[in-house]
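Just protein33.pdb here, PDB, C-alpha atoms:
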```pdb
ATOM      1  CA  MET A   1     -41.101 -40.766  -3.482
ATOM      2  CA  LEU A   2     -40.144 -37.700  -1.450
ATOM      3  CA  THR A   3     -37.590 -39.734   0.517
ATOM      4  CA  SER A   4     -35.806 -40.953  -2.604
ATOM      5  CA  VAL A   5     -35.662 -37.396  -4.004
ATOM      6  CA  SER A   6     -34.313 -36.115  -0.686
ATOM      7  CA  THR A   7     -31.725 -38.904  -0.572
ATOM      8  CA  ALA A   8     -30.638 -38.166  -4.143
ATOM      9  CA  LEU A   9     -30.352 -34.460  -3.324
ATOM     10  CA  VAL A  10     -28.239 -35.135  -0.222
ATOM     11  CA  LEU A  11     -25.933 -37.443  -2.190
ATOM     12  CA  PHE A  12     -25.556 -34.851  -4.928
ATOM     13  CA  ILE A  13     -24.674 -32.134  -2.405
ATOM     14  CA  LEU A  14     -22.057 -34.384  -0.792
ATOM     15  CA  ILE A  15     -20.474 -35.634  -4.029
ATOM     16  CA  ALA A  16     -20.462 -32.458  -6.170
ATOM     17  CA  PRO A  17     -17.906 -30.492  -4.083
ATOM     18  CA  ALA A  18     -15.559 -33.494  -4.024
ATOM     19  CA  GLN A  19     -15.568 -33.635  -7.810
ATOM     20  CA  ALA A  20     -15.022 -29.885  -8.082
ATOM     21  CA  ALA A  21     -12.032 -30.061  -5.727
ATOM     22  CA  GLU A  22     -10.339 -32.824  -7.702
ATOM     23  CA  VAL A  23      -6.568 -32.307  -7.887
ATOM     24  CA  ALA A  24      -5.023 -31.524 -11.277
ATOM     25  CA  ASP A  25      -2.798 -34.071 -12.954
ATOM     26  CA  PRO A  26       0.764 -33.422 -11.664
ATOM     27  CA  SER A  27       2.214 -34.247 -15.088
ATOM     28  CA  THR A  28       0.372 -31.273 -16.595
ATOM     29  CA  PRO A  29       2.737 -28.282 -16.822
ATOM     30  CA  VAL A  30       1.651 -25.195 -14.940
ATOM     31  CA  THR A  31       2.162 -21.932 -16.782
ATOM     32  CA  GLN A  32       3.406 -18.973 -14.797
ATOM     33  CA  PRO A  33       2.783 -15.361 -15.825
ATOM     34  CA  SER A  34       5.746 -13.695 -17.455
ATOM     35  CA  LEU A  35       7.658 -11.391 -15.133
ATOM     36  CA  THR A  36      10.212 -10.219 -17.668
ATOM     37  CA  GLN A  37      10.936  -6.599 -18.466
ATOM     38  CA  PRO A  38       9.602  -5.159 -21.723
ATOM     39  CA  SER A  39      11.806  -5.960 -24.707
ATOM     40  CA  THR A  40      14.197  -3.302 -25.967
ATOM     41  CA  GLU A  41      12.045  -2.996 -29.087
ATOM     42  CA  ALA A  42       9.160  -1.804 -26.911
ATOM     43  CA  LEU A  43      11.207   0.886 -25.147
ATOM     44  CA  ILE A  44      10.346   4.495 -25.890
ATOM     45  CA  SER A  45      13.265   6.797 -26.684
ATOM     46  CA  LEU A  46      13.148  10.032 -24.692
ATOM     47  CA  ASN A  47      15.264  11.725 -27.363
ATOM     48  CA  GLN A  48      13.108  10.703 -30.330
ATOM     49  CA  ALA A  49       9.570  10.045 -29.077
ATOM     50  CA  THR A  50       6.590  12.051 -30.240
ATOM     51  CA  LEU A  51       4.027  13.473 -27.815
ATOM     52  CA  GLU A  52       1.746  10.521 -28.559
ATOM     53  CA  GLN A  53       4.484   7.982 -27.910
ATOM     54  CA  LEU A  54       5.453   9.643 -24.625
ATOM     55  CA  GLN A  55       1.830   9.506 -23.480
ATOM     56  CA  GLN A  56       1.888   5.721 -23.837
ATOM     57  CA  ILE A  57       4.231   5.588 -20.830
ATOM     58  CA  LYS A  58       2.377   4.908 -17.599
ATOM     59  CA  GLY A  59       2.189   8.131 -15.573
ATOM     60  CA  ILE A  60       2.753  10.466 -18.528
ATOM     61  CA  GLY A  61      -0.210  12.496 -19.707
ATOM     62  CA  PRO A  62      -0.386  15.332 -22.232
ATOM     63  CA  ALA A  63       1.127  17.969 -19.902
ATOM     64  CA  LYS A  64       4.155  15.887 -18.874
ATOM     65  CA  ALA A  65       4.717  14.716 -22.451
ATOM     66  CA  GLU A  66       4.716  18.353 -23.575
ATOM     67  CA  ALA A  67       7.142  19.257 -20.761
ATOM     68  CA  ILE A  68       9.515  16.461 -21.845
ATOM     69  CA  VAL A  69       9.480  17.641 -25.461
ATOM     70  CA  ARG A  70       9.941  21.295 -24.403
ATOM     71  CA  TYR A  71      12.915  20.331 -22.223
ATOM     72  CA  ARG A  72      14.433  18.264 -25.031
ATOM     73  CA  GLU A  73      14.024  21.099 -27.549
ATOM     74  CA  GLY A  74      15.408  23.716 -25.150
ATOM     75  CA  GLN A  75      18.234  21.800 -23.473
ATOM     76  CA  GLY A  76      19.134  19.258 -26.127
ATOM     77  CA  ALA A  77      19.065  15.484 -25.954
ATOM     78  CA  PHE A  78      18.808  13.704 -22.639
ATOM     79  CA  THR A  79      22.228  12.370 -21.670
ATOM     80  CA  SER A  80      20.963  10.014 -18.958
ATOM     81  CA  LEU A  81      17.625   8.804 -17.675
ATOM     82  CA  GLU A  82      18.289  10.697 -14.444
ATOM     83  CA  THR A  83      18.288  13.971 -16.422
ATOM     84  CA  LEU A  84      14.560  13.412 -16.877
ATOM     85  CA  GLN A  85      14.107  14.544 -13.265
ATOM     86  CA  GLN A  86      14.945  18.088 -14.399
ATOM     87  CA  VAL A  87      11.630  18.162 -16.270
ATOM     88  CA  PRO A  88       8.946  19.846 -14.133
ATOM     89  CA  GLY A  89       6.586  17.260 -12.636
ATOM     90  CA  ILE A  90       8.964  14.310 -12.892
ATOM     91  CA  GLY A  91      10.631  13.238  -9.678
ATOM     92  CA  PRO A  92      12.508  10.157  -8.490
ATOM     93  CA  ALA A  93       9.380   8.046  -7.885
ATOM     94  CA  LEU A  94       7.905   8.679 -11.334
ATOM     95  CA  LEU A  95      11.286   8.099 -12.971
ATOM     96  CA  GLU A  96      11.543   4.694 -11.283
ATOM     97  CA  ARG A  97       8.050   3.724 -12.514
ATOM     98  CA  MET A  98       8.954   4.865 -16.040
ATOM     99  CA  ARG A  99      12.425   3.293 -16.142
ATOM    100  CA  PRO A 100      11.373  -0.145 -17.537
ATOM    101  CA  TYR A 101       9.692   1.550 -20.509
ATOM    102  CA  ILE A 102      12.163   4.246 -21.554
ATOM    103  CA  THR A 103      15.582   4.580 -23.140
ATOM    104  CA  LEU A 104      17.691   7.372 -24.553
TER     105      LEU A 104
END
```
Structure rendered as structure tokens:
Amino acid sequence: MLTSVSTALVLFILIAPAQAAEVADPSTPVTQPSLTQPSTEALISLNQATLEQLQQIKGIGPAKAEAIVRYREGQGAFTSLETLQQVPGIGPALLERMRPYITL
């Protein structure tokens, strides 16, 4: 009795990994994650965004959002995305991270 249980256990251990490693059907399409940029509808306008909308941009918290609005109110509308670097706390690296999510 013990030998047949041991044999069954050994067979199970040998067969189970082979079934788990079974290759997928090559005719089944493989989906790739989307690597596209955000759509233009999802872009946040630096010249029109509220504090709350600005804070939705990765890297922008309450203080930087307030600084952007203060700059916009004091200097007028942003004329280029690069002008954003004149806002205290926003440098070239942060601008590049923000670029896919912002527009004028």
Choose the residue, out of A:Arg70, A:Thr50, A:Ala42, A:Gly59, that has the smallest atom-to-atom separation from Ala93 (chain A); count only C-alpha atoms.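 Checking each of A:Arg70, A:Thr50, A:Ala42, A:Gly59 against Ala93 (chain A), counting only C-alpha atoms, the winner is A:Gly59.
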Report, in Å with one decimal, the straight-line distance from CA of Ile44 (chain A) to CA of Thr79 (chain A).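 The value is 14.9 Å.
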With distances taken over all atoms listed in the file, which of A:Asn47, A:Gln56, A:Ser80, A:Thr103 is nearest to Ile68 (chain A)? A:Asn47
Could you state which residues are captured by the PyMOL selection byres ((chain A and resi 69) around 12) in this file, as a PyMOL selection string? chain A and resi 45-55+62-68+70-78+84+87-88
If we count all atoms listed in the file, what is near Leu95 (chain A) at a cut-off of 8 Å, once residues fewer than 3 positions away on the same chain are taken out, given as a list in words?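 Everything that qualifies: Leu81, Glu82, Leu84, Gln85, Ile90, Gly91, Pro92, Met98 and Arg99 of chain A.
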Complete region 67-90 of chain A at the level of N, CA and C atoms, written as a PDB file, in the frame of the given file.
```pdb
ATOM      1  N   ALA A  67       5.997  18.759 -21.535  1.00  0.00           N
ATOM      2  CA  ALA A  67       7.142  19.257 -20.761  1.00  0.00           C
ATOM      3  C   ALA A  67       8.428  18.531 -21.159  1.00  0.00           C
ATOM      4  N   ILE A  68       8.335  17.234 -21.417  1.00  0.00           N
ATOM      5  CA  ILE A  68       9.515  16.461 -21.845  1.00  0.00           C
ATOM      6  C   ILE A  68      10.012  16.964 -23.197  1.00  0.00           C
ATOM      7  N   VAL A  69       9.093  17.168 -24.130  1.00  0.00           N
ATOM      8  CA  VAL A  69       9.480  17.641 -25.461  1.00  0.00           C
ATOM      9  C   VAL A  69      10.056  19.051 -25.371  1.00  0.00           C
ATOM     10  N   ARG A  70       9.428  19.932 -24.571  1.00  0.00           N
ATOM     11  CA  ARG A  70       9.941  21.295 -24.403  1.00  0.00           C
ATOM     12  C   ARG A  70      11.361  21.279 -23.828  1.00  0.00           C
ATOM     13  N   TYR A  71      11.579  20.433 -22.821  1.00  0.00           N
ATOM     14  CA  TYR A  71      12.915  20.331 -22.223  1.00  0.00           C
ATOM     15  C   TYR A  71      13.919  19.856 -23.271  1.00  0.00           C
ATOM     16  N   ARG A  72      13.547  18.842 -24.012  1.00  0.00           N
ATOM     17  CA  ARG A  72      14.433  18.264 -25.031  1.00  0.00           C
ATOM     18  C   ARG A  72      14.772  19.299 -26.109  1.00  0.00           C
ATOM     19  N   GLU A  73      13.786  20.083 -26.521  1.00  0.00           N
ATOM     20  CA  GLU A  73      14.024  21.099 -27.549  1.00  0.00           C
ATOM     21  C   GLU A  73      14.858  22.262 -27.010  1.00  0.00           C
ATOM     22  N   GLY A  74      14.678  22.591 -25.735  1.00  0.00           N
ATOM     23  CA  GLY A  74      15.408  23.716 -25.150  1.00  0.00           C
ATOM     24  C   GLY A  74      16.798  23.367 -24.656  1.00  0.00           C
ATOM     25  N   GLN A  75      16.967  22.190 -24.098  1.00  0.00           N
ATOM     26  CA  GLN A  75      18.234  21.800 -23.473  1.00  0.00           C
ATOM     27  C   GLN A  75      19.051  20.819 -24.308  1.00  0.00           C
ATOM     28  N   GLY A  76      18.444  20.268 -25.329  1.00  0.00           N
ATOM     29  CA  GLY A  76      19.134  19.258 -26.127  1.00  0.00           C
ATOM     30  C   GLY A  76      18.758  17.862 -25.651  1.00  0.00           C
ATOM     31  N   ALA A  77      19.387  16.888 -26.244  1.00  0.00           N
ATOM     32  CA  ALA A  77      19.065  15.484 -25.954  1.00  0.00           C
ATOM     33  C   ALA A  77      19.353  15.145 -24.495  1.00  0.00           C
ATOM     34  N   PHE A  78      18.560  14.226 -23.982  1.00  0.00           N
ATOM     35  CA  PHE A  78      18.808  13.704 -22.639  1.00  0.00           C
ATOM     36  C   PHE A  78      20.100  12.894 -22.689  1.00  0.00           C
ATOM     37  N   THR A  79      20.957  13.091 -21.706  1.00  0.00           N
ATOM     38  CA  THR A  79      22.228  12.370 -21.670  1.00  0.00           C
ATOM     39  C   THR A  79      22.182  11.172 -20.729  1.00  0.00           C
ATOM     40  N   SER A  80      21.179  11.153 -19.857  1.00  0.00           N
ATOM     41  CA  SER A  80      20.963  10.014 -18.958  1.00  0.00           C
ATOM     42  C   SER A  80      19.495  10.010 -18.567  1.00  0.00           C
ATOM     43  N   LEU A  81      19.019   8.871 -18.115  1.00  0.00           N
ATOM     44  CA  LEU A  81      17.625   8.804 -17.675  1.00  0.00           C
ATOM     45  C   LEU A  81      17.396   9.707 -16.468  1.00  0.00           C
ATOM     46  N   GLU A  82      18.414   9.864 -15.635  1.00  0.00           N
ATOM     47  CA  GLU A  82      18.289  10.697 -14.444  1.00  0.00           C
ATOM     48  C   GLU A  82      18.039  12.159 -14.803  1.00  0.00           C
ATOM     49  N   THR A  83      18.507  12.599 -15.964  1.00  0.00           N
ATOM     50  CA  THR A  83      18.288  13.971 -16.422  1.00  0.00           C
ATOM     51  C   THR A  83      16.798  14.267 -16.547  1.00  0.00           C
ATOM     52  N   LEU A  84      16.008  13.249 -16.749  1.00  0.00           N
ATOM     53  CA  LEU A  84      14.560  13.412 -16.877  1.00  0.00           C
ATOM     54  C   LEU A  84      13.960  14.071 -15.638  1.00  0.00           C
ATOM     55  N   GLN A  85      14.611  13.935 -14.496  1.00  0.00           N
ATOM     56  CA  GLN A  85      14.107  14.544 -13.265  1.00  0.00           C
ATOM     57  C   GLN A  85      14.183  16.073 -13.299  1.00  0.00           C
ATOM     58  N   GLN A  86      14.885  16.636 -14.254  1.00  0.00           N
ATOM     59  CA  GLN A  86      14.945  18.088 -14.399  1.00  0.00           C
ATOM     60  C   GLN A  86      13.700  18.637 -15.083  1.00  0.00           C
ATOM     61  N   VAL A  87      12.885  17.759 -15.650  1.00  0.00           N
ATOM     62  CA  VAL A  87      11.630  18.162 -16.270  1.00  0.00           C
ATOM     63  C   VAL A  87      10.616  18.406 -15.157  1.00  0.00           C
ATOM     64  N   PRO A  88       9.944  19.564 -15.172  1.00  0.00           N
ATOM     65  CA  PRO A  88       8.946  19.846 -14.133  1.00  0.00           C
ATOM     66  C   PRO A  88       7.875  18.754 -14.063  1.00  0.00           C
ATOM     67  N   GLY A  89       7.609  18.284 -12.846  1.00  0.00           N
ATOM     68  CA  GLY A  89       6.586  17.260 -12.636  1.00  0.00           C
ATOM     69  C   GLY A  89       7.114  15.839 -12.627  1.00  0.00           C
ATOM     70  N   ILE A  90       8.391  15.658 -12.894  1.00  0.00           N
ATOM     71  CA  ILE A  90       8.964  14.310 -12.892  1.00  0.00           C
ATOM     72  C   ILE A  90      10.018  14.225 -11.792  1.00  0.00           C
TER      73      ILE A  90
END
```
